Amino acid sequence: MGKRTEVIVREEVVIRFSGDSGDGMQLTGTLFSDTAALFGNDLSTFPDYPAEIRAPQGTVGGVSGFQVHLGHSQINTPGDYADVLVAMNPAAIKANAGWIKQGGIIIYDENSFTGKNIEKAGYEEDPFKEEKLDSCNIIAAPISSMVKEALREFGLDAKSVLRTKNMFALGMVYWLFNRKLKHTEEYFEKKFGSRPDIVKANKIALRAGYYYAETIEALNPVFQILPANIAKGNYRNICGNMATAWGFMAAAEKAGLGLFIGSYPITPATGILEELAARKDLGVISFQAEDEIAGICAALGASFAGRLAVTSTSGPGLALKSEAIGLAVMAELPVVIVDVQRGGPSTGLPTKTEQTDLFQALYGRNGESPVVVLAASTPSDCFHFAFEAARIALEHMTPVILLTDSYLANGTGPWKIPRMKKLPVIKPPFADRSEIPFLPYKRDEEKLARSWAVPGIPGLEHRIGGLEKTVKGTVSYAPENHEEMVNIRAEKVARVARDIPDLAIQGDSSGDLLVVGWGGKYGYLITAVRELQSEGHKISLVNFNYINPLPDNVKDVFGNFRKILVCELNLGQFAGYLRMKHQEFTYEQINKVQGVPFTIKEIRDKCIKMLEEFENV
């Protein structure tokens, strides 16, 4: 090992791996993130996929990226701008030139910067000059030719050899941040255990990159990010889709029920179905349906039969499920519908993130068809809100829509693994023979939930379905009965507010400006607000997870601030909803619909502009 000239300790750093969709950037970023997590850093990641399954090679549309933000202190976002960019081709420079910090480091594969590839990316001659990146430390590394040389006598075909170039680049980054190769090499052994030649080839490429970085002066000094001071416990790095799946499995166990998922694969929700399909050992039954309608209808059948039933989808699929969600409302069956939001309308931006399905979740059904709507805030708390969605659905006998988004689904962060015995017991209102004669729409006084009668119990035979019923379960067209049942179903959802926590304030309970968010953009909002609080501004944050019904204390919270700013990745859906529910307040907005999250700077700039108005009064 060579002698390091200097080690600089940094509080945090943002690294972005970027290249063609076949260059393995997602795996490279994941391996680096796992090593950082095992080292003890706090972190947040943001995978960025191309929309096409196999976009034209070397084009900007085919660029795949993975950004990781790691630090010694608390990390809430994947970061705005990269300190280090690893670019495997010219298109990666084109896609990321605006997201590199002044004076940042760019490591690129000079072998891929051919005239043809430069032209394909939209440049004339020199990407770095044309993008005015002269302030950056630009490091040309012959990555492709180096792996060819390192594996020359190895007997692999040319294509297999070039597949290891991402590991060469990863080795360079490991040197730059003073990280060990051990965890990644163990991954190779586990992943490719039946192919020792592939294990050895990837190890050689990884070490070649590490030692190459050691020998060049351009990558000195190196950086050290010390472990974060986080609460003791067992942690793992987890993405939102996996956390959602595990939340449902935990809820099924605490309810004493089997878990059923009926879903149709759709980006970016498919990971939930995949994760649950792999858990037959925990009693999960999964059904990959032929379409979205079949998926939710199968889930409704499972719910009728007494299982915790879930279905997962994204915006276009939620539209297709709308009629069956209405059936669940009318039949008052517990089912959880996960909508992993993406850019729309139609196919839109299937691999990008937005918050544009809120109105669809709230109102996208015929008739008066209220459902409970929740939204998760971080990849790791998708576990909590999946559990919570299942609890509410089962205990209140109602459909629940859980909103996540592409950013949460694919992004990762540290998750403190909970102990099952500390999770609350879920108590579904099962009917029993003491209720004979059974009235399917007789309700408890507190929740207005009807009893759940599982088929096969003598004396509990009953009729439910899409037609309006009386309390006895008989079909009724009486106007007064329909209005009464509509009001009861609405009141049942409204009473869920008694069973959820108050809206929590991040900061003082009164002040000049209250920043309001909902769902998955919490990390950007809390980071911006904490920065402004540290600068002495009277600013606080609330981030909504319970959307319908809203927490009971919203009016009290809002009334203690001079101005309210609603931040969301749409054209103002939540702001409009708040105007309907709490019209006594005035709401200013910051909106973004670009398929990417807010930057912290965007939030700060808007807040500072509003705060300056108080200073000028």
# chains A, B, ... in the order shown; residues from 1 in each chain; ligands from 1
call {"tool": "residues_around", "arguments": {"residues": "Pro428 of chain A", "least_positions_apart": "5", "cutoff": "10 Å", "atoms": "only C-alpha atoms", "output": "list in words"}}
result
Ala255, Gly256, Leu257, Gly306, Leu308, Pro334, Arg391, Ile392, Ala393, Leu394, Glu395, His396, Met397, Ala449, Ser451 and Trp452 of chain A
call {"tool": "residues_around", "arguments": {"residues": "segment 492-503 of chain A", "least_positions_apart": "4", "cutoff": "12 Å", "atoms": "only C-alpha atoms", "output": "ChimeraX atom specification"}}
result
/A:329,332,362,368-374,385,388-389,391-400,443-450,485-488,509,516-518,541-558
call {"tool": "closest_residue", "arguments": {"among": "A:Glu125, A:Glu253, A:Glu217, A:Glu613", "to": "Ile426 of chain A", "atoms": "only C-alpha atoms"}}
result
A:Glu253
call {"tool": "closest_residue", "arguments": {"among": "A:Leu226, A:Ala390, A:Leu514, A:Val13", "to": "Val425 of chain A", "atoms": "only C-alpha atoms"}}
result
A:Ala390
call {"tool": "closest_atom_pairs", "arguments": {"of": "segment 178-279 of chain A", "to": "segment 344-358 of chain A", "cutoff": "10 Å", "atoms": "only C-alpha atoms", "output": "tab-separated table"}}
result
residue	atom	partner	partner_atom	distance
A:Ile266	CA	A:Pro350	CA	8.9
A:Thr267	CA	A:Pro350	CA	6.2
A:Pro268	CA	A:Thr351	CA	6.5
call {"tool": "select_by_dssp", "arguments": {"residues": "segment 454-517 of chain A", "states": "alpha helix (DSSP H)", "output": "list in words"}}
result
Pro479, Glu480, Asn481, His482, Glu483, Glu484, Met485, Val486, Asn487, Ile488, Arg489, Ala490, Glu491, Lys492, Val493 and Ala494 of chain A
call {"tool": "write_last_selection", "arguments": {"atoms": "N, CA and C atoms", "output": "mmCIF file, in the first residue's frame"}}
result
data_model
loop_
_atom_site.group_PDB
_atom_site.id
_atom_site.type_symbol
_atom_site.label_atom_id
_atom_site.label_comp_id
_atom_site.auth_asym_id
_atom_site.auth_seq_id
_atom_site.Cartn_x
_atom_site.Cartn_y
_atom_site.Cartn_z
ATOM 1 N N PRO A 479 -84.417 6.073 -1.168
ATOM 2 C CA PRO A 479 -83.575 7.275 -1.149
ATOM 3 C C PRO A 479 -83.022 7.583 0.236
ATOM 4 N N GLU A 480 -83.864 7.437 1.257
ATOM 5 C CA GLU A 480 -83.425 7.771 2.606
ATOM 6 C C GLU A 480 -82.343 6.810 3.095
ATOM 7 N N ASN A 481 -82.480 5.545 2.771
ATOM 8 C CA ASN A 481 -81.473 4.567 3.181
ATOM 9 C C ASN A 481 -80.135 4.839 2.506
ATOM 10 N N HIS A 482 -80.177 5.168 1.196
ATOM 11 C CA HIS A 482 -78.925 5.443 0.475
ATOM 12 C C HIS A 482 -78.201 6.630 1.097
ATOM 13 N N GLU A 483 -78.966 7.709 1.370
ATOM 14 C CA GLU A 483 -78.330 8.886 1.954
ATOM 15 C C GLU A 483 -77.761 8.576 3.336
ATOM 16 N N GLU A 484 -78.489 7.779 4.117
ATOM 17 C CA GLU A 484 -77.988 7.420 5.438
ATOM 18 C C GLU A 484 -76.697 6.617 5.335
ATOM 19 N N MET A 485 -76.638 5.644 4.432
ATOM 20 C CA MET A 485 -75.436 4.815 4.286
ATOM 21 C C MET A 485 -74.256 5.625 3.753
ATOM 22 N N VAL A 486 -74.525 6.544 2.826
ATOM 23 C CA VAL A 486 -73.462 7.417 2.314
ATOM 24 C C VAL A 486 -72.874 8.246 3.452
ATOM 25 N N ASN A 487 -73.739 8.804 4.266
ATOM 26 C CA ASN A 487 -73.268 9.627 5.385
ATOM 27 C C ASN A 487 -72.494 8.792 6.399
ATOM 28 N N ILE A 488 -72.953 7.581 6.658
ATOM 29 C CA ILE A 488 -72.249 6.728 7.615
ATOM 30 C C ILE A 488 -70.857 6.365 7.115
ATOM 31 N N ARG A 489 -70.758 6.028 5.821
ATOM 32 C CA ARG A 489 -69.435 5.678 5.269
ATOM 33 C C ARG A 489 -68.485 6.869 5.336
ATOM 34 N N ALA A 490 -68.999 8.064 5.076
ATOM 35 C CA ALA A 490 -68.152 9.260 5.177
ATOM 36 C C ALA A 490 -67.745 9.522 6.622
ATOM 37 N N GLU A 491 -68.687 9.362 7.534
ATOM 38 C CA GLU A 491 -68.390 9.592 8.943
ATOM 39 C C GLU A 491 -67.399 8.555 9.473
ATOM 40 N N LYS A 492 -67.489 7.325 8.962
ATOM 41 C CA LYS A 492 -66.551 6.284 9.399
ATOM 42 C C LYS A 492 -65.119 6.678 9.054
ATOM 43 N N VAL A 493 -64.899 7.201 7.854
ATOM 44 C CA VAL A 493 -63.559 7.659 7.471
ATOM 45 C C VAL A 493 -63.155 8.867 8.305
ATOM 46 N N ALA A 494 -64.094 9.781 8.541
ATOM 47 C CA ALA A 494 -63.773 10.975 9.335
ATOM 48 C C ALA A 494 -63.352 10.594 10.742
#
call {"tool": "closest_atom_pairs", "arguments": {"of": "segment 512-601 of chain A", "to": "segment 72-77 of chain A", "cutoff": "7 Å", "atoms": "only C-alpha atoms", "output": "JSON lines"}}
result
{"residue": "A:Gly523", "atom": "CA", "partner": "A:Asn76", "partner_atom": "CA", "distance": 4.5}
{"residue": "A:Tyr524", "atom": "CA", "partner": "A:Thr77", "partner_atom": "CA", "distance": 5.9}
{"residue": "A:Thr527", "atom": "CA", "partner": "A:Asn76", "partner_atom": "CA", "distance": 6.7}
call {"tool": "write_last_selection", "arguments": {"atoms": "all heavy atoms", "output": "short mmCIF file (atom, residue, chain, number, x, y, z; two decimals), in the first residue's frame"}}
result
data_model
loop_
_atom_site.label_atom_id
_atom_site.label_comp_id
_atom_site.auth_asym_id
_atom_site.auth_seq_id
_atom_site.Cartn_x
_atom_site.Cartn_y
_atom_site.Cartn_z
N GLY A 523 -37.40 15.20 3.40
CA GLY A 523 -35.97 15.38 3.61
C GLY A 523 -35.47 16.72 3.13
O GLY A 523 -34.67 17.39 3.80
N TYR A 524 -35.92 17.15 1.96
CA TYR A 524 -35.49 18.44 1.41
C TYR A 524 -36.04 19.59 2.24
O TYR A 524 -35.35 20.59 2.49
CB TYR A 524 -35.95 18.56 -0.04
CG TYR A 524 -35.25 17.58 -0.95
CD1 TYR A 524 -35.79 16.32 -1.19
CD2 TYR A 524 -34.05 17.91 -1.55
CE1 TYR A 524 -35.15 15.41 -2.01
CE2 TYR A 524 -33.39 17.00 -2.38
CZ TYR A 524 -33.95 15.75 -2.59
OH TYR A 524 -33.30 14.85 -3.40
N THR A 527 -34.31 19.81 5.78
CA THR A 527 -32.92 20.30 5.67
C THR A 527 -32.90 21.80 5.47
O THR A 527 -32.14 22.54 6.13
CB THR A 527 -32.21 19.59 4.51
OG1 THR A 527 -32.24 18.17 4.72
CG2 THR A 527 -30.76 20.05 4.42
#
call {"tool": "residues_around", "arguments": {"residues": "Asn96 of chain A", "least_positions_apart": "6", "cutoff": "9 Å", "atoms": "only C-alpha atoms", "output": "list in words"}}
result
Arg16, Ser18, Leu85 and Ala87 of chain A
call {"tool": "residues_around", "arguments": {"residues": "Ala36 of chain A", "least_positions_apart": "4", "cutoff": "12 Å", "atoms": "only C-alpha atoms", "output": "PyMOL selection string"}}
result
chain A and resi 12-13+15+29-32+40-45+68-72+173-174+177-181+183-184+224-228+236-237+413-414
call {"tool": "write_last_selection", "arguments": {"atoms": "C-alpha atoms", "output": "CSV table (one decimal), in the first residue's frame"}}
result
chain,number,residue,atom,x,y,z
A,12,GLU,CA,-20.5,15.0,4.3
A,13,VAL,CA,-20.1,14.3,0.6
A,15,ILE,CA,-21.2,11.2,-5.1
A,29,GLY,CA,-23.8,3.0,-6.3
A,30,THR,CA,-25.6,0.4,-4.3
A,31,LEU,CA,-22.3,-1.3,-3.4
A,32,PHE,CA,-20.7,2.0,-2.3
A,40,GLY,CA,-21.5,3.7,10.1
A,41,ASN,CA,-22.3,6.7,7.9
A,42,ASP,CA,-25.7,8.1,7.7
A,43,LEU,CA,-26.8,8.3,4.1
A,44,SER,CA,-29.5,8.7,1.5
A,45,THR,CA,-29.5,7.6,-2.1
A,68,VAL,CA,-25.5,8.9,-2.7
A,69,HIS,CA,-25.1,11.5,0.1
A,70,LEU,CA,-23.2,10.2,3.1
A,71,GLY,CA,-22.1,12.0,6.2
A,72,HIS,CA,-21.0,12.1,9.8
A,173,VAL,CA,-13.8,5.9,-5.5
A,174,TYR,CA,-13.0,3.5,-2.6
A,177,PHE,CA,-12.8,7.9,0.4
A,178,ASN,CA,-10.4,5.6,2.3
A,179,ARG,CA,-12.8,2.6,2.2
A,180,LYS,CA,-12.2,-1.1,2.5
A,181,LEU,CA,-12.8,-3.5,-0.4
A,183,HIS,CA,-17.7,-5.9,1.9
A,184,THR,CA,-17.8,-5.6,-1.9
A,224,GLN,CA,-12.5,10.6,5.3
A,225,ILE,CA,-16.2,10.7,6.4
A,226,LEU,CA,-16.4,9.6,10.0
A,227,PRO,CA,-19.2,7.3,11.3
A,228,ALA,CA,-22.4,9.1,12.3
A,236,ARG,CA,-29.8,-2.0,7.5
A,237,ASN,CA,-29.9,0.0,4.3
A,413,GLY,CA,-31.5,5.1,3.8
A,414,PRO,CA,-30.6,3.5,7.1
call {"tool": "residues_around", "arguments": {"residues": "Asn166 of chain A", "least_positions_apart": "3", "cutoff": "9 Å", "atoms": "only C-alpha atoms", "output": "count of residues only"}}
result
14
call {"tool": "select_by_dssp", "arguments": {"residues": "segment 213-441 of chain A", "states": "strand (DSSP E or B)", "output": "PyMOL selection string"}}
result
chain A and resi 222-225+235-239+259-263+285-288+308-313+335-341+343+349+372-375+399-405+412-416+430
call {"tool": "closest_residue", "arguments": {"among": "A:Leu176, A:Ala201, A:Pro458, A:Thr474", "to": "Glu149 of chain A", "atoms": "only C-alpha atoms"}}
result
A:Ala201
call {"tool": "residues_around", "arguments": {"residues": "Ile401 of chain A", "least_positions_apart": "2", "cutoff": "6 Å", "atoms": "only C-alpha atoms", "output": "NGL selection string"}}
result
:A and (336-338 or 373)
call {"tool": "closest_residue", "arguments": {"among": "A:Tyr49, A:Tyr81, A:Phe192, A:Phe260", "to": "Gly19 of chain A", "atoms": "only C-alpha atoms"}}
result
A:Tyr49
